[in-house]
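Structure file protein.txt; described as compact mmCIF, C-alpha atoms.
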# COMPACT_ATOMS: atom_id res chain seq x y z
CA MET A 29 96.25 128.63 114.22
CA LYS A 30 94.87 125.14 113.69
CA LEU A 31 97.30 122.25 113.99
CA ILE A 32 96.87 119.01 112.08
CA GLN A 33 97.96 115.69 113.57
CA ALA A 34 100.43 114.09 111.15
CA LYS A 35 102.09 110.69 111.20
CA VAL A 36 105.76 110.90 110.22
CA LEU A 37 106.63 108.41 107.47
CA SER A 38 110.40 108.94 107.44
CA THR A 39 112.78 110.92 109.62
CA LEU A 40 111.74 114.55 109.58
CA ARG A 41 113.14 117.73 111.10
CA TYR A 42 110.24 119.98 112.06
CA ASP A 43 109.84 122.81 114.52
CA GLY A 44 113.42 122.49 115.75
CA ALA A 45 113.30 118.76 116.50
CA HIS A 46 113.93 115.47 114.72
CA HIS A 47 110.97 113.09 114.51
CA GLY A 48 111.35 109.43 113.58
CA PRO A 49 109.03 107.22 111.55
CA ASN A 50 105.60 106.60 113.12
CA ALA A 51 105.84 109.66 115.39
CA VAL A 52 102.66 111.73 115.55
CA ILE A 53 103.24 115.48 115.56
CA GLY A 54 101.15 118.62 115.24
CA MET A 55 101.87 120.89 112.28
CA THR A 56 100.22 123.76 110.47
CA GLU A 57 97.90 122.93 107.60
CA ALA A 58 100.28 124.54 105.07
CA ASP A 59 103.27 122.59 106.42
CA PHE A 60 101.22 119.39 106.47
CA GLU A 61 100.20 119.79 102.81
CA GLU A 62 103.81 120.49 101.80
CA LYS A 63 105.27 117.55 103.73
CA LYS A 64 102.46 115.26 102.57
CA ALA A 65 103.25 116.13 98.92
CA GLU A 66 106.89 115.24 99.64
CA GLY A 67 105.83 111.88 101.07
CA MET A 68 107.14 112.74 104.53
CA VAL A 69 103.85 112.59 106.49
CA SER A 70 100.33 111.20 106.29
CA ALA A 71 97.09 112.04 108.02
CA VAL A 72 96.41 110.41 111.36
CA PRO A 73 93.20 108.42 111.06
CA ALA A 74 90.46 109.33 113.50
CA LYS A 75 90.14 107.01 116.48
CA ARG A 76 87.70 104.30 115.69
CA GLU A 77 85.60 102.28 118.02
CA VAL A 78 86.41 98.64 117.45
CA GLU A 79 84.98 95.77 119.40
CA ARG A 80 87.73 93.56 120.72
CA PRO A 81 87.43 89.97 119.48
CA ALA A 82 88.01 87.02 121.78
CA GLY A 83 89.87 83.72 121.63
CA GLU A 84 91.53 82.75 118.36
CA ALA A 85 90.00 85.75 116.59
CA LEU A 86 91.90 88.04 118.99
CA LEU A 87 95.16 86.23 118.32
CA ASP A 88 94.56 86.39 114.57
CA ALA A 89 93.85 90.13 114.82
CA ILE A 90 97.13 90.67 116.68
CA ILE A 91 99.05 88.62 114.10
CA ASN A 92 97.45 90.60 111.27
CA ALA A 93 98.43 93.89 112.95
CA MET A 94 102.13 93.00 113.04
CA PRO A 95 103.05 93.64 109.38
CA GLY A 96 103.77 97.28 108.84
CA LEU A 97 105.11 97.96 112.32
CA GLY A 98 108.18 100.15 112.26
CA GLU A 99 111.63 99.20 113.48
CA ASP A 100 111.07 101.27 116.66
CA ASP A 101 107.91 99.28 117.37
CA PHE A 102 109.91 96.24 118.52
CA SER A 103 111.64 95.70 121.86
CA ALA A 104 115.22 94.54 122.29
CA ASP A 105 114.03 90.92 122.50
CA GLY A 106 112.47 91.22 119.04
CA LYS A 107 108.84 91.18 120.19
CA PRO A 108 106.42 93.83 118.95
CA LYS A 109 105.67 96.45 121.60
CA VAL A 110 102.11 96.40 122.91
CA LYS A 111 101.31 100.11 122.39
CA PRO A 112 102.01 100.16 118.62
CA LEU A 113 99.94 96.98 118.25
CA GLU A 114 97.08 98.59 120.16
CA ALA A 115 97.29 101.65 117.91
CA ARG A 116 96.90 99.46 114.83
CA LEU A 117 94.17 97.30 116.37
CA GLY A 118 92.04 100.06 117.84
CA PHE A 119 91.63 98.26 121.18
CA ASN A 120 93.73 97.32 124.21
CA ILE A 121 95.67 94.11 124.59
CA ASP A 122 98.28 93.00 127.08
CA ALA A 123 101.70 91.43 126.72
CA ALA A 124 100.28 87.96 127.45
CA HIS A 125 97.94 88.24 124.43
CA ARG A 126 100.84 89.42 122.26
CA ASP A 127 103.00 86.52 123.44
CA GLU A 128 100.19 84.02 122.82
CA ALA A 129 99.79 85.42 119.31
CA LEU A 130 103.53 84.99 118.70
CA VAL A 131 103.31 81.32 119.76
CA ARG A 132 100.34 80.89 117.39
CA LEU A 133 102.28 82.58 114.58
CA ALA A 134 105.30 80.33 115.17
CA GLY A 135 102.99 77.30 114.90
CA ILE A 136 101.57 78.59 111.62
CA ILE A 137 105.00 79.28 110.14
CA GLY A 138 106.39 75.94 111.36
CA ALA A 139 103.47 73.95 109.97
Spell out the structure here as structure tokens.
Amino acid sequence: MKLIQAKVLSTLRYDGAHHGPNAVIGMTEADFEEKKAEGMVSAVPAKREVERPAGEALLDAIINAMPGLGEDDFSADGKPKVKPLEARLGFNIDAAHRDEALVRLAGIIGA
């Protein structure tokens, strides 16, 4: 049986477990089509090779990746978690880059 990787869009009970938004789970093709029609899941995009920008372009890319993060994608201090940002960006960053992007964003908003 072939399993399809599905991104959960809202809380879903599947295969005896609860899965929250943004979780990626494997499900049968028939189940995937049914849950997709109900608006509960979407297809997981294939990994893409993306060249990591540098300097201000990197900070801008991080800022542009922030909208659309789920509630669970933020830490207790209100900062976006690095792993969800990396998933949206398609390349690795570290917490220092994320923090630098937040400072840049604060400057843009405060301007």
For segment 54-67 of chain A, list every protein, DNA or RNA residue within 9 Å, evaluated using only C-alpha atoms, and leave out those in the same chain fewer than 3 positions away; present the list as a PDB file with C-alpha atoms, in the frame of the given file.
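selection_29.pdb, freshly written:
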ATOM      1  CA  MET A  29      96.250 128.630 114.220  1.00  0.00           C
ATOM      2  CA  LYS A  30      94.870 125.140 113.690  1.00  0.00           C
ATOM      3  CA  LEU A  31      97.300 122.250 113.990  1.00  0.00           C
ATOM      4  CA  ILE A  32      96.870 119.010 112.080  1.00  0.00           C
ATOM      5  CA  GLN A  33      97.960 115.690 113.570  1.00  0.00           C
ATOM      6  CA  ALA A  34     100.430 114.090 111.150  1.00  0.00           C
ATOM      7  CA  LYS A  35     102.090 110.690 111.200  1.00  0.00           C
ATOM      8  CA  LEU A  37     106.630 108.410 107.470  1.00  0.00           C
ATOM      9  CA  SER A  38     110.400 108.940 107.440  1.00  0.00           C
ATOM     10  CA  TYR A  42     110.240 119.980 112.060  1.00  0.00           C
ATOM     11  CA  ASP A  43     109.840 122.810 114.520  1.00  0.00           C
ATOM     12  CA  SER A  70     100.330 111.200 106.290  1.00  0.00           C
ATOM     13  CA  ALA A  71      97.090 112.040 108.020  1.00  0.00           C
TER      14      ALA A  71
END
What's the 12 Å shell around Gly48 of chain A, counting all atoms listed in the file, without same-chain residues fewer than 2 positions away, as a list in words?
->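 So the residues in contact are Lys35, Val36, Leu37, Ser38, Thr39, Leu40, Arg41, Tyr42, Ala45, His46, Asn50, Ala51, Val52, Ile53, Met68, Val69, Gly98, Glu99, Asp100 and Asp101 of chain A.
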Hey, which of A:Asp88, A:Leu130, A:Gly135, A:Ala115 ends up closest to Pro73 of chain A? Count all atoms listed in the file.
->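 Comparing A:Asp88, A:Leu130, A:Gly135, A:Ala115 against Pro73 of chain A, the winner is A:Ala115.
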Can you work out which one of A:Val72, A:Val110, A:Ile121, A:Ala134 has the shortest atom-to-atom distance to Leu86 of chain A, counting all atoms listed in the file?
-> A:Ile121
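Using all atoms listed in the file for every distance, the candidate list A:Pro49, A:Gly96, A:Ala85, A:Glu128 yields A:Gly96 as the residue closest to Leu113 of chain A.
The coordinates place atom CA of Asp127 of chain A at 13.7 Å from atom CA of Lys111 of chain A.
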